[in-house]
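Structure record follows, encoded as structure tokens.
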Amino acid sequence: MKIESVTTSACRLPPSVPWEDATNKVQGLEFIFVEITTDTGLSGTGISYTVDIGGTAIKTLIDDYLVNLVVGMDPLGYEQIWHKIHRQSRRLGLGVNSLAIAAIDVAVWDLIGKHYRQPLYKLLGGARNRIPAYISEINLSSTDTVADLVRRVDDYVAQGYRTAKIKIGKEDLEEDIERIRKVQERLGKGGRVLVDLNQKWSACEAVAKASRLDGLNLGWIEEPLLCNDIEGHQALRRTLHTPIALGESLYSKQQFLDYLKAGAVDFVQADVAFVGGITEWLKIAHLADTYGKQVAPHFMMELSLHMLCGVHNGFMLENVIGGSLSELGLLEEPIIVSNGVGIPSERPGHGIVLDKAAVKSHELSSETVKSSFSGGSK
């Protein structure tokens with residue numbers, strides 16, 4: 001079997017509900033899709049994404065540089081493909097090239113599943129056939145009241161969720177604490193609250209503020225500091241009983257290894273797109289397991305579902321309100337979490353079937369971005 005052609009498409013659209021956290025107000029999600037077709041007639045779909053910026057660069061990198069590298073290769077040789085395109089793009093550093101590699105790599109794994117007539121989660125190890133999910137919201141706008149938050153949490157509980165992640169990072173820490181306590185009350189006994197700071201605090205600020213959160217019985221504190229501050233996370237971890245989660249802003253297994261060796265992370269949140277696809281993600285998951293840590297991949301619910309069910313050390317599935325491909329209307333067949341549990345498709349490959357007309361209706365173009373992009377970072 002040989003790769004015969006590779007085509008790409010991309011779209012940009014806002015989250016289905018407004019997104020705002022402590023450091024960013026999101027304008028648009030950009031998805032990059034790859035379709036790999038083989039000489040046997042089998043095809044595989046790959047997916048990558050960015051938040052707000054970079055989608056046109058990723059698509060161009062794939063189209064102009066990476067496609068010719070993989071045409072003619074055997075898609076069953078996923079390691080050979082991954083390392084070939086990584087070696088040729090490594091001079092870009094980490095970031096754009098990883099996101100481009102991911103789209104191709106995911107398509108390759110989809111093809112492998114179709115070739116062997118197995119769902120992706122079984123190819124990755126088949127550790128389980130379902131995984132508990134937590135609801136994850138991105139709503140820290142100045143107009144969002146505690147009463148608004150409580151109403152949403154009541155709805156999450158009605159949907160079957162017992163774990164919820166909320167954004168914190170208010171200028172007044174007491175506001176954060178009030179929101180946490182109210183959510184805990186609504187979740188009730190056995191409920192669990194996770195909090196996410198999106199790299200809001202400085203190292204000094206974190207030592208003071210995190211100690212106030214340490215007695216609240218939180219499931220974790222996520223990204224309290226800048227993602228490259230390993231020593232800061234290490235020092236903070238030594239002062240806390242509450243676990244630290246991070247990894248959505250890291251791009252390689254080497255970066256995760258540095259955090260694991262430093263004892264600076266408890267839950268590993270590698271994002272399948274940011275690390276260059278399933279091939280690298282699986283290595284990170286096994287690396288985390290070596291250190292006795294669980295993985296809780298960031299975003300990309302439809303792919304993370306398979307990945308978590310594939311490995312022994314999967315923790316929980318993140319279902320981000322307003323950001324799944326299903327909620328955005330980009331799938332022919334929605335993939336949903338029911339009663340707080342994710343169940344992967346048994347269809348060969350990853351089972352994601354794009355609604356190509358919907359993707360086309362939100363087509364990403366340089367002209368559109370140039371005329372509308374204003375940035376959302378605070």
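Order determines the names: the first chain of the structure tokens is A, the second B, and so forth; residues in each chain are numbered 1 upward, and ligands are numbered 1 upward as they are shown.
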
Item to check | Near-Leu226 of chain A list (12 Å; only C-alpha atoms; drop same-chain fewer than 6 positions) as a VMD selection string | outcome: chain A and resid 23 197 to 203 206 232 to 233 246 to 250

Report as JSON lines the residues of segment 221-333 of chain A within 8 Å of segment 337-347 of chain A, each with its shortest atom pair and distance in Å (one decimal), using only C-alpha atoms, ordered by chain and increasing residue number.
```
{"residue": "A:Leu305", "atom": "CA", "partner": "A:Pro344", "partner_atom": "CA", "distance": 6.0}
{"residue": "A:His306", "atom": "CA", "partner": "A:Pro344", "partner_atom": "CA", "distance": 5.8}
{"residue": "A:Cys309", "atom": "CA", "partner": "A:Pro344", "partner_atom": "CA", "distance": 7.8}
{"residue": "A:Leu317", "atom": "CA", "partner": "A:Gly342", "partner_atom": "CA", "distance": 7.2}
{"residue": "A:Asn319", "atom": "CA", "partner": "A:Val337", "partner_atom": "CA", "distance": 7.8}
```

Item to check | Residues near Ala273 of chain A, cut-off 8 Å, only C-alpha atoms, skip fewer than 2 positions along chain, as a count of residues only | outcome: 11

Checklist entry - Which residues in segment 131-369 of chain A does DSSP call strand (DSSP E or B)? List them as a ChimeraX atom specification. => result /A:131-136,139,163-167,192-196,220-222,244-246,267-268,294-295,314,317-320,331,338,341-342,349,354,363

Create the file for the chosen residues now, containing N, CA and C atoms and written as a compact mmCIF listing (two decimals), in the first residue's frame.
```txt
# COMPACT_ATOMS: atom_id res chain seq x y z
N ILE A 131 -14.53 5.72 29.00
CA ILE A 131 -13.73 6.54 29.90
C ILE A 131 -14.63 7.61 30.52
N PRO A 132 -14.52 7.86 31.82
CA PRO A 132 -15.30 8.96 32.41
C PRO A 132 -14.84 10.30 31.85
N ALA A 133 -15.76 11.23 31.78
CA ALA A 133 -15.47 12.55 31.21
C ALA A 133 -15.75 13.65 32.22
N TYR A 134 -15.03 14.74 32.07
CA TYR A 134 -15.35 15.93 32.86
C TYR A 134 -15.77 17.05 31.93
N ILE A 135 -16.64 17.89 32.42
CA ILE A 135 -17.06 19.05 31.64
C ILE A 135 -16.04 20.16 31.86
N SER A 136 -15.73 20.89 30.81
CA SER A 136 -14.70 21.92 30.88
C SER A 136 -15.25 23.17 30.23
N ASN A 139 -15.14 30.29 30.64
CA ASN A 139 -16.01 31.44 30.84
C ASN A 139 -15.57 32.21 32.08
N THR A 163 -17.64 15.80 37.61
CA THR A 163 -16.38 16.54 37.65
C THR A 163 -16.48 17.71 36.68
N ALA A 164 -16.11 18.90 37.15
CA ALA A 164 -16.19 20.09 36.31
C ALA A 164 -14.90 20.89 36.44
N LYS A 165 -14.44 21.43 35.32
CA LYS A 165 -13.28 22.31 35.33
C LYS A 165 -13.72 23.73 35.02
N ILE A 166 -13.29 24.66 35.85
CA ILE A 166 -13.64 26.06 35.65
C ILE A 166 -12.36 26.89 35.57
N LYS A 167 -12.48 28.03 34.92
CA LYS A 167 -11.37 28.97 34.84
C LYS A 167 -11.33 29.84 36.09
N ARG A 192 -16.18 16.70 41.98
CA ARG A 192 -14.78 17.13 41.97
C ARG A 192 -14.64 18.37 41.10
N VAL A 193 -13.90 19.37 41.60
CA VAL A 193 -13.65 20.60 40.87
C VAL A 193 -12.18 20.67 40.47
N LEU A 194 -11.95 20.96 39.19
CA LEU A 194 -10.63 21.23 38.66
C LEU A 194 -10.57 22.71 38.30
N VAL A 195 -9.42 23.34 38.47
CA VAL A 195 -9.30 24.76 38.12
C VAL A 195 -8.14 24.98 37.17
N ASP A 196 -8.29 25.99 36.30
CA ASP A 196 -7.33 26.25 35.24
C ASP A 196 -7.00 27.74 35.23
N TRP A 220 -7.23 19.31 40.76
CA TRP A 220 -5.92 19.80 40.32
C TRP A 220 -5.96 21.31 40.11
N ILE A 221 -4.76 21.89 40.05
CA ILE A 221 -4.56 23.27 39.61
C ILE A 221 -3.80 23.17 38.29
N GLU A 222 -4.39 23.73 37.23
CA GLU A 222 -3.83 23.58 35.89
C GLU A 222 -3.11 24.84 35.41
N ILE A 244 -0.77 19.23 40.38
CA ILE A 244 -0.59 20.19 39.29
C ILE A 244 -0.78 19.46 37.97
N ALA A 245 -1.57 20.05 37.10
CA ALA A 245 -1.78 19.52 35.74
C ALA A 245 -1.22 20.52 34.73
N LEU A 246 -0.60 20.00 33.68
CA LEU A 246 -0.09 20.87 32.62
C LEU A 246 0.30 20.04 31.41
N PHE A 267 -0.55 15.46 36.54
CA PHE A 267 -1.39 15.00 35.44
C PHE A 267 -0.84 15.57 34.14
N VAL A 268 -0.57 14.68 33.19
CA VAL A 268 0.07 15.06 31.93
C VAL A 268 -1.01 15.30 30.88
N GLN A 294 -0.80 9.86 35.41
CA GLN A 294 -1.90 9.64 34.49
C GLN A 294 -1.93 10.73 33.41
N VAL A 295 -2.52 10.38 32.28
CA VAL A 295 -2.65 11.33 31.19
C VAL A 295 -4.09 11.80 31.08
N GLY A 314 -4.84 6.27 31.34
CA GLY A 314 -5.77 7.34 31.01
C GLY A 314 -6.58 7.77 32.22
N LEU A 317 -11.64 12.18 30.22
CA LEU A 317 -11.80 12.86 28.94
C LEU A 317 -12.28 14.29 29.18
N GLU A 318 -11.61 15.24 28.52
CA GLU A 318 -12.04 16.64 28.61
C GLU A 318 -13.07 16.93 27.52
N ASN A 319 -14.26 17.35 27.93
CA ASN A 319 -15.30 17.77 26.99
C ASN A 319 -15.47 19.28 27.16
N VAL A 320 -14.85 20.04 26.25
CA VAL A 320 -14.84 21.49 26.35
C VAL A 320 -16.13 22.05 25.75
N LEU A 331 -19.32 17.63 11.83
CA LEU A 331 -19.35 16.19 11.61
C LEU A 331 -20.67 15.73 11.00
N SER A 338 -22.19 10.79 26.79
CA SER A 338 -23.51 10.51 27.35
C SER A 338 -23.40 10.16 28.82
N VAL A 341 -19.90 9.86 30.37
CA VAL A 341 -19.01 8.78 29.96
C VAL A 341 -18.80 8.86 28.45
N GLY A 342 -17.54 8.75 28.02
CA GLY A 342 -17.23 8.71 26.60
C GLY A 342 -17.01 7.29 26.15
N GLY A 349 -10.52 2.78 12.32
CA GLY A 349 -9.92 4.11 12.37
C GLY A 349 -10.49 4.91 13.50
N LEU A 354 -16.19 13.86 8.60
CA LEU A 354 -16.41 15.29 8.45
C LEU A 354 -17.61 15.59 7.55
N GLU A 363 -14.69 28.15 5.39
CA GLU A 363 -13.35 28.03 4.83
C GLU A 363 -12.42 29.15 5.31
```

Checklist entry - Just how far from atom CA of Ile284 of chain A is atom CA of Lys2 of chain A, in Å to one decimal? => result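 Atom-to-atom, atom CA of Lys2 of chain A and atom CA of Ile284 of chain A are spaced 28.1 Å apart.
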